[in-house]
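Pasting coords-v1.cif here (mmCIF, N, CA and C atoms):
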data_target
loop_
_atom_site.group_PDB
_atom_site.id
_atom_site.type_symbol
_atom_site.label_atom_id
_atom_site.label_comp_id
_atom_site.auth_asym_id
_atom_site.auth_seq_id
_atom_site.Cartn_x
_atom_site.Cartn_y
_atom_site.Cartn_z
ATOM 1 N N MET O 1220 -43.763 27.544 -14.733
ATOM 2 C CA MET O 1220 -44.488 26.607 -13.936
ATOM 3 C C MET O 1220 -44.080 26.851 -12.485
ATOM 4 N N ALA O 1221 -44.982 27.049 -11.698
ATOM 5 C CA ALA O 1221 -44.740 27.379 -10.295
ATOM 6 C C ALA O 1221 -44.744 26.108 -9.462
ATOM 7 N N PHE O 1222 -43.748 26.032 -8.565
ATOM 8 C CA PHE O 1222 -43.664 24.884 -7.664
ATOM 9 C C PHE O 1222 -44.542 25.127 -6.457
ATOM 10 N N SER O 1223 -45.168 24.117 -6.027
ATOM 11 C CA SER O 1223 -45.952 24.240 -4.804
ATOM 12 C C SER O 1223 -45.003 24.149 -3.604
ATOM 13 N N THR O 1224 -45.492 24.500 -2.444
ATOM 14 C CA THR O 1224 -44.655 24.473 -1.249
ATOM 15 C C THR O 1224 -44.202 23.064 -0.909
ATOM 16 N N SER O 1225 -44.994 22.082 -1.194
ATOM 17 C CA SER O 1225 -44.573 20.708 -0.901
ATOM 18 C C SER O 1225 -43.435 20.290 -1.833
ATOM 19 N N ARG O 1226 -43.457 20.787 -3.067
ATOM 20 C CA ARG O 1226 -42.389 20.487 -4.019
ATOM 21 C C ARG O 1226 -41.085 21.138 -3.578
ATOM 22 N N LYS O 1227 -41.174 22.366 -3.073
ATOM 23 C CA LYS O 1227 -39.990 23.092 -2.618
ATOM 24 C C LYS O 1227 -39.369 22.387 -1.403
ATOM 25 N N ALA O 1228 -40.159 21.769 -0.598
ATOM 26 C CA ALA O 1228 -39.657 21.065 0.583
ATOM 27 C C ALA O 1228 -39.027 19.729 0.198
ATOM 28 N N GLN O 1229 -39.471 19.153 -0.909
ATOM 29 C CA GLN O 1229 -38.934 17.858 -1.338
ATOM 30 C C GLN O 1229 -37.548 17.972 -1.960
ATOM 31 N N ILE O 1230 -37.229 19.100 -2.558
ATOM 32 C CA ILE O 1230 -35.932 19.276 -3.223
ATOM 33 C C ILE O 1230 -34.773 19.160 -2.216
ATOM 34 N N PRO O 1231 -34.796 19.891 -1.078
ATOM 35 C CA PRO O 1231 -33.696 19.709 -0.119
ATOM 36 C C PRO O 1231 -33.660 18.292 0.474
ATOM 37 N N LEU O 1232 -34.809 17.686 0.606
ATOM 38 C CA LEU O 1232 -34.841 16.331 1.135
ATOM 39 C C LEU O 1232 -34.182 15.338 0.186
ATOM 40 N N LEU O 1233 -34.172 15.625 -1.082
ATOM 41 C CA LEU O 1233 -33.500 14.768 -2.055
ATOM 42 C C LEU O 1233 -32.020 15.127 -2.208
ATOM 43 N N LEU O 1234 -31.690 16.405 -2.104
ATOM 44 C CA LEU O 1234 -30.309 16.834 -2.276
ATOM 45 C C LEU O 1234 -29.423 16.494 -1.069
ATOM 46 N N LEU O 1235 -29.943 16.609 0.126
ATOM 47 C CA LEU O 1235 -29.141 16.345 1.322
ATOM 48 C C LEU O 1235 -28.628 14.901 1.381
ATOM 49 N N PRO O 1236 -29.451 13.885 1.231
ATOM 50 C CA PRO O 1236 -28.899 12.523 1.256
ATOM 51 C C PRO O 1236 -27.894 12.273 0.126
ATOM 52 N N GLY O 1237 -28.140 12.856 -1.037
ATOM 53 C CA GLY O 1237 -27.190 12.710 -2.141
ATOM 54 C C GLY O 1237 -25.856 13.358 -1.814
ATOM 55 N N GLY O 1238 -25.862 14.511 -1.178
ATOM 56 C CA GLY O 1238 -24.631 15.185 -0.768
ATOM 57 C C GLY O 1238 -23.899 14.391 0.306
ATOM 58 N N PHE O 1239 -24.646 13.882 1.271
ATOM 59 C CA PHE O 1239 -24.031 13.052 2.303
ATOM 60 C C PHE O 1239 -23.408 11.794 1.712
ATOM 61 N N LEU O 1240 -24.087 11.182 0.772
ATOM 62 C CA LEU O 1240 -23.578 9.980 0.129
ATOM 63 C C LEU O 1240 -22.298 10.279 -0.652
ATOM 64 N N ALA O 1241 -22.310 11.366 -1.411
ATOM 65 C CA ALA O 1241 -21.123 11.724 -2.193
ATOM 66 C C ALA O 1241 -19.938 12.038 -1.270
ATOM 67 N N THR O 1242 -20.183 12.761 -0.183
ATOM 68 C CA THR O 1242 -19.120 13.094 0.764
ATOM 69 C C THR O 1242 -18.579 11.830 1.437
ATOM 70 N N SER O 1243 -19.471 10.931 1.807
ATOM 71 C CA SER O 1243 -19.043 9.683 2.452
ATOM 72 C C SER O 1243 -18.210 8.835 1.510
ATOM 73 N N LEU O 1244 -18.622 8.728 0.264
ATOM 74 C CA LEU O 1244 -17.854 7.940 -0.709
ATOM 75 C C LEU O 1244 -16.479 8.549 -0.953
ATOM 76 N N ALA O 1245 -16.416 9.871 -1.058
ATOM 77 C CA ALA O 1245 -15.123 10.531 -1.282
ATOM 78 C C ALA O 1245 -14.183 10.301 -0.094
ATOM 79 N N SER O 1246 -14.698 10.428 1.110
ATOM 80 C CA SER O 1246 -13.829 10.212 2.279
ATOM 81 C C SER O 1246 -13.456 8.740 2.423
ATOM 82 N N TYR O 1247 -14.338 7.826 2.040
ATOM 83 C CA TYR O 1247 -14.021 6.391 2.090
ATOM 84 C C TYR O 1247 -12.842 6.069 1.173
ATOM 85 N N TYR O 1248 -12.890 6.544 -0.064
ATOM 86 C CA TYR O 1248 -11.809 6.255 -1.007
ATOM 87 C C TYR O 1248 -10.506 6.936 -0.596
ATOM 88 N N ALA O 1249 -10.585 8.132 -0.046
ATOM 89 C CA ALA O 1249 -9.368 8.817 0.408
ATOM 90 C C ALA O 1249 -8.743 8.081 1.596
ATOM 91 N N SER O 1250 -9.555 7.656 2.554
ATOM 92 C CA SER O 1250 -9.004 6.948 3.719
ATOM 93 C C SER O 1250 -8.496 5.566 3.328
ATOM 94 N N ARG O 1251 -9.157 4.912 2.381
ATOM 95 C CA ARG O 1251 -8.695 3.601 1.921
ATOM 96 C C ARG O 1251 -7.322 3.701 1.284
ATOM 97 N N ALA O 1252 -7.124 4.721 0.467
ATOM 98 C CA ALA O 1252 -5.816 4.915 -0.166
ATOM 99 C C ALA O 1252 -4.750 5.244 0.871
ATOM 100 N N SER O 1253 -5.093 6.058 1.866
ATOM 101 C CA SER O 1253 -4.134 6.414 2.909
ATOM 102 C C SER O 1253 -3.759 5.204 3.759
ATOM 103 N N ILE O 1254 -4.727 4.394 4.121
ATOM 104 C CA ILE O 1254 -4.459 3.196 4.912
ATOM 105 C C ILE O 1254 -3.601 2.218 4.129
ATOM 106 N N ARG O 1255 -3.904 2.021 2.869
ATOM 107 C CA ARG O 1255 -3.111 1.115 2.038
ATOM 108 C C ARG O 1255 -1.665 1.597 1.939
ATOM 109 N N HIS O 1256 -1.493 2.901 1.754
ATOM 110 C CA HIS O 1256 -0.151 3.479 1.672
ATOM 111 C C HIS O 1256 0.611 3.263 2.982
ATOM 112 N N ASN O 1257 -0.039 3.486 4.127
ATOM 113 C CA ASN O 1257 0.621 3.304 5.420
ATOM 114 C C ASN O 1257 0.973 1.848 5.676
ATOM 115 N N ILE O 1258 0.131 0.931 5.287
ATOM 116 C CA ILE O 1258 0.420 -0.493 5.493
ATOM 117 C C ILE O 1258 1.621 -0.910 4.663
ATOM 118 N N VAL O 1259 1.651 -0.504 3.416
ATOM 119 C CA VAL O 1259 2.749 -0.906 2.537
ATOM 120 C C VAL O 1259 4.067 -0.296 2.993
ATOM 121 N N ASN O 1260 4.064 0.955 3.405
ATOM 122 C CA ASN O 1260 5.313 1.637 3.735
ATOM 123 C C ASN O 1260 5.740 1.500 5.193
ATOM 124 N N THR O 1261 4.818 1.178 6.088
ATOM 125 C CA THR O 1261 5.166 1.137 7.506
ATOM 126 C C THR O 1261 5.044 -0.252 8.093
ATOM 127 N N GLU O 1262 3.923 -0.898 7.948
ATOM 128 C CA GLU O 1262 3.662 -2.162 8.626
ATOM 129 C C GLU O 1262 4.441 -3.333 8.029
ATOM 130 N N LEU O 1263 4.562 -3.400 6.722
ATOM 131 C CA LEU O 1263 5.246 -4.539 6.123
ATOM 132 C C LEU O 1263 6.730 -4.588 6.478
ATOM 133 N N PRO O 1264 7.465 -3.487 6.450
ATOM 134 C CA PRO O 1264 8.857 -3.567 6.902
ATOM 135 C C PRO O 1264 8.963 -3.949 8.384
ATOM 136 N N LEU O 1265 8.051 -3.471 9.216
ATOM 137 C CA LEU O 1265 8.079 -3.835 10.631
ATOM 138 C C LEU O 1265 7.809 -5.319 10.811
ATOM 139 N N THR O 1266 6.981 -5.870 9.976
ATOM 140 C CA THR O 1266 6.681 -7.295 10.076
ATOM 141 C C THR O 1266 7.928 -8.116 9.771
ATOM 142 N N SER O 1267 8.683 -7.757 8.744
ATOM 143 C CA SER O 1267 9.898 -8.506 8.434
ATOM 144 C C SER O 1267 10.938 -8.336 9.536
ATOM 145 N N ASP O 1268 11.007 -7.152 10.163
ATOM 146 C CA ASP O 1268 11.911 -6.956 11.292
ATOM 147 C C ASP O 1268 11.487 -7.812 12.476
ATOM 148 N N ASN O 1269 10.192 -7.923 12.701
ATOM 149 C CA ASN O 1269 9.703 -8.748 13.801
ATOM 150 C C ASN O 1269 10.019 -10.218 13.570
ATOM 151 N N ILE O 1270 9.868 -10.677 12.352
ATOM 152 C CA ILE O 1270 10.180 -12.075 12.042
ATOM 153 C C ILE O 1270 11.666 -12.330 12.274
ATOM 154 N N TYR O 1271 12.512 -11.410 11.832
ATOM 155 C CA TYR O 1271 13.954 -11.560 12.024
ATOM 156 C C TYR O 1271 14.301 -11.584 13.509
ATOM 157 N N SER O 1272 13.711 -10.681 14.279
ATOM 158 C CA SER O 1272 14.036 -10.636 15.706
ATOM 159 C C SER O 1272 13.525 -11.873 16.433
ATOM 160 N N GLU O 1273 12.381 -12.425 16.027
ATOM 161 C CA GLU O 1273 11.887 -13.658 16.647
ATOM 162 C C GLU O 1273 12.812 -14.829 16.344
ATOM 163 N N ILE O 1274 13.275 -14.931 15.111
ATOM 164 C CA ILE O 1274 14.196 -16.020 14.743
ATOM 165 C C ILE O 1274 15.512 -15.852 15.497
ATOM 166 N N GLN O 1275 16.015 -14.632 15.564
ATOM 167 C CA GLN O 1275 17.263 -14.379 16.265
ATOM 168 C C GLN O 1275 17.117 -14.703 17.748
ATOM 169 N N LYS O 1276 15.992 -14.333 18.328
ATOM 170 C CA LYS O 1276 15.768 -14.614 19.746
ATOM 171 C C LYS O 1276 15.723 -16.116 19.996
ATOM 172 N N ASP O 1277 15.088 -16.869 19.105
ATOM 173 C CA ASP O 1277 15.014 -18.316 19.267
ATOM 174 C C ASP O 1277 16.375 -18.980 19.109
ATOM 175 N N LEU O 1278 17.257 -18.396 18.325
ATOM 176 C CA LEU O 1278 18.584 -18.966 18.147
ATOM 177 C C LEU O 1278 19.550 -18.566 19.256
ATOM 178 N N ILE O 1279 19.399 -17.374 19.798
ATOM 179 C CA ILE O 1279 20.337 -16.876 20.798
ATOM 180 C C ILE O 1279 19.975 -17.352 22.200
ATOM 181 N N ARG O 1280 18.703 -17.528 22.503
ATOM 182 C CA ARG O 1280 18.289 -17.898 23.854
ATOM 183 C C ARG O 1280 18.945 -19.183 24.356
ATOM 184 N N PRO O 1281 18.979 -20.292 23.600
ATOM 185 C CA PRO O 1281 19.646 -21.493 24.114
ATOM 186 C C PRO O 1281 21.130 -21.281 24.380
ATOM 187 N N THR O 1282 21.795 -20.476 23.550
ATOM 188 C CA THR O 1282 23.214 -20.197 23.760
ATOM 189 C C THR O 1282 23.425 -19.405 25.041
ATOM 190 N N GLN O 1283 22.556 -18.445 25.296
ATOM 191 C CA GLN O 1283 22.677 -17.660 26.518
ATOM 192 C C GLN O 1283 22.423 -18.526 27.754
ATOM 193 N N ILE O 1284 21.449 -19.402 27.689
ATOM 194 C CA ILE O 1284 21.153 -20.284 28.820
ATOM 195 C C ILE O 1284 22.319 -21.219 29.076
ATOM 196 N N ALA O 1285 22.881 -21.786 28.024
ATOM 197 C CA ALA O 1285 24.029 -22.673 28.193
ATOM 198 C C ALA O 1285 25.213 -21.920 28.771
ATOM 199 N N SER O 1286 25.425 -20.704 28.360
ATOM 200 C CA SER O 1286 26.519 -19.902 28.889
ATOM 201 C C SER O 1286 26.303 -19.594 30.366
ATOM 202 N N MET O 1287 25.082 -19.252 30.732
ATOM 203 C CA MET O 1287 24.794 -18.981 32.135
ATOM 204 C C MET O 1287 24.966 -20.244 32.974
ATOM 205 N N MET O 1288 24.539 -21.383 32.447
ATOM 206 C CA MET O 1288 24.673 -22.636 33.187
ATOM 207 C C MET O 1288 26.141 -23.023 33.351
ATOM 208 N N SER O 1289 26.975 -22.737 32.366
ATOM 209 C CA SER O 1289 28.388 -23.111 32.467
ATOM 210 C C SER O 1289 29.123 -22.270 33.503
ATOM 211 N N HIS O 1290 28.630 -21.078 33.762
ATOM 212 C CA HIS O 1290 29.257 -20.216 34.758
ATOM 213 C C HIS O 1290 28.601 -20.334 36.132
ATOM 214 N N ASP O 1291 27.595 -21.169 36.267
ATOM 215 C CA ASP O 1291 26.893 -21.332 37.533
ATOM 216 C C ASP O 1291 27.644 -22.356 38.390
ATOM 217 N N THR O 1292 28.160 -21.937 39.542
ATOM 218 C CA THR O 1292 28.951 -22.830 40.384
ATOM 219 C C THR O 1292 28.105 -23.928 41.000
ATOM 220 N N PHE O 1293 26.838 -23.660 41.266
ATOM 221 C CA PHE O 1293 25.980 -24.689 41.843
ATOM 222 C C PHE O 1293 25.850 -25.872 40.899
ATOM 223 N N LEU O 1294 25.608 -25.602 39.638
ATOM 224 C CA LEU O 1294 25.465 -26.688 38.661
ATOM 225 C C LEU O 1294 26.787 -27.420 38.461
ATOM 226 N N ARG O 1295 27.877 -26.669 38.450
ATOM 227 C CA ARG O 1295 29.183 -27.298 38.290
ATOM 228 C C ARG O 1295 29.491 -28.223 39.470
ATOM 229 N N ASP O 1296 29.235 -27.737 40.674
ATOM 230 C CA ASP O 1296 29.464 -28.563 41.868
ATOM 231 C C ASP O 1296 28.558 -29.785 41.879
ATOM 232 N N TRP O 1297 27.334 -29.604 41.426
ATOM 233 C CA TRP O 1297 26.385 -30.714 41.370
ATOM 234 C C TRP O 1297 26.899 -31.805 40.425
ATOM 235 N N ALA O 1298 27.351 -31.373 39.235
ATOM 236 C CA ALA O 1298 27.873 -32.333 38.257
ATOM 237 C C ALA O 1298 29.144 -33.006 38.785
ATOM 238 N N LEU O 1299 30.019 -32.263 39.456
ATOM 239 C CA LEU O 1299 31.238 -32.853 40.014
ATOM 240 C C LEU O 1299 30.907 -33.852 41.124
ATOM 241 N N TYR O 1300 29.931 -33.539 41.936
ATOM 242 C CA TYR O 1300 29.524 -34.451 43.002
ATOM 243 C C TYR O 1300 29.031 -35.771 42.421
ATOM 244 N N ARG O 1301 28.209 -35.683 41.363
ATOM 245 C CA ARG O 1301 27.687 -36.902 40.733
ATOM 246 C C ARG O 1301 28.822 -37.707 40.106
ATOM 247 N N ALA O 1302 29.799 -37.028 39.537
ATOM 248 C CA ALA O 1302 30.919 -37.727 38.916
ATOM 249 C C ALA O 1302 31.790 -38.393 39.970
ATOM 250 N N LYS O 1303 32.040 -37.699 41.081
ATOM 251 C CA LYS O 1303 32.850 -38.283 42.150
ATOM 252 C C LYS O 1303 32.137 -39.464 42.802
ATOM 253 N N GLN O 1304 30.833 -39.364 42.899
ATOM 254 C CA GLN O 1304 30.052 -40.436 43.499
ATOM 255 C C GLN O 1304 30.123 -41.700 42.639
ATOM 256 N N GLY O 1305 30.273 -41.527 41.342
ATOM 257 C CA GLY O 1305 30.344 -42.663 40.424
ATOM 258 C C GLY O 1305 31.688 -43.362 40.454
ATOM 259 N N GLY O 1306 32.701 -42.738 40.934
ATOM 260 C CA GLY O 1306 34.024 -43.359 41.010
ATOM 261 C C GLY O 1306 35.068 -42.534 40.296
ATOM 262 N N ARG O 1307 36.292 -43.077 40.278
ATOM 263 C CA ARG O 1307 37.415 -42.375 39.683
ATOM 264 C C ARG O 1307 37.380 -42.453 38.170
ATOM 265 N N ASN O 1308 37.815 -41.370 37.508
ATOM 266 C CA ASN O 1308 37.919 -41.304 36.047
ATOM 267 C C ASN O 1308 36.591 -41.673 35.363
ATOM 268 N N ARG O 1309 35.532 -41.155 35.883
ATOM 269 C CA ARG O 1309 34.206 -41.423 35.309
ATOM 270 C C ARG O 1309 33.626 -40.126 34.765
ATOM 271 N N VAL O 1310 32.800 -40.289 33.773
ATOM 272 C CA VAL O 1310 32.059 -39.161 33.219
ATOM 273 C C VAL O 1310 30.612 -39.348 33.613
ATOM 274 N N CYS O 1311 30.003 -38.298 34.079
ATOM 275 C CA CYS O 1311 28.628 -38.408 34.566
ATOM 276 C C CYS O 1311 27.814 -37.269 33.972
ATOM 277 N N ALA O 1312 26.626 -37.578 33.545
ATOM 278 C CA ALA O 1312 25.700 -36.556 33.062
ATOM 279 C C ALA O 1312 24.618 -36.387 34.110
ATOM 280 N N ALA O 1313 24.566 -35.225 34.713
ATOM 281 C CA ALA O 1313 23.561 -34.962 35.743
ATOM 282 C C ALA O 1313 22.318 -34.398 35.085
ATOM 283 N N THR O 1314 21.172 -34.930 35.462
ATOM 284 C CA THR O 1314 19.905 -34.405 34.972
ATOM 285 C C THR O 1314 19.202 -33.699 36.117
ATOM 286 N N LEU O 1315 18.188 -32.964 35.803
ATOM 287 C CA LEU O 1315 17.480 -32.222 36.832
ATOM 288 C C LEU O 1315 16.690 -33.142 37.767
ATOM 289 N N ASP O 1316 16.429 -34.382 37.328
ATOM 290 C CA ASP O 1316 15.677 -35.306 38.156
ATOM 291 C C ASP O 1316 16.544 -35.967 39.214
ATOM 292 N N ASP O 1317 17.854 -35.955 39.003
ATOM 293 C CA ASP O 1317 18.772 -36.572 39.966
ATOM 294 C C ASP O 1317 18.856 -35.716 41.222
ATOM 295 N N GLU O 1318 18.943 -36.392 42.355
ATOM 296 C CA GLU O 1318 19.149 -35.678 43.605
ATOM 297 C C GLU O 1318 20.555 -35.966 44.090
ATOM 298 N N PRO O 1319 21.261 -34.952 44.621
ATOM 299 C CA PRO O 1319 22.636 -35.178 45.085
ATOM 300 C C PRO O 1319 22.692 -36.048 46.326
#

Could you show the structure in this file as structure tokens?
Amino acid sequence: MAFSTSRKAQIPLLLLPGGFLATSLASYYASRASIRHNIVNTELPLTSDNIYSEIQKDLIRPTQIASMMSHDTFLRDWALYRAKQGGRNRVCAATLDDEP
């Protein structure tokens, strides 16, 4: 049975989209597996490290600020001035709203 010229032209038109579809599906599944592998082995450990570093930063920052404030002579002098202004043998808590 002989194919007509229109039939011969239809065969590549049917095979090309099928080949493109098969190639696209194969690359989709390969990239999906690669991305999943990278997320499990790379991103998840980094996420736990980030959580740890954020918690550590939140715990250490107030201690560092308090340490810097304790060594700051301006704040120490300010607190001593407020205590002396209150009288002898007094304890005074200076706040940032107080003016010397």

In Å, how far is it from atom CA of Ser1253 of chain O to atom CA of Pro1236 of chain O?
25.6 Å

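Between atom C of Ser1286 of chain O and atom CA of Ala1298 of chain O there is a distance of 15.1 Å.
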
Quick check, in Å to one decimal: how far apart do atom CA of Ala1285 of chain O and atom N of Gly1305 of chain O lie?
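Calculated distance between atom CA of Ala1285 of chain O and atom N of Gly1305 of chain O is 23.8 Å.
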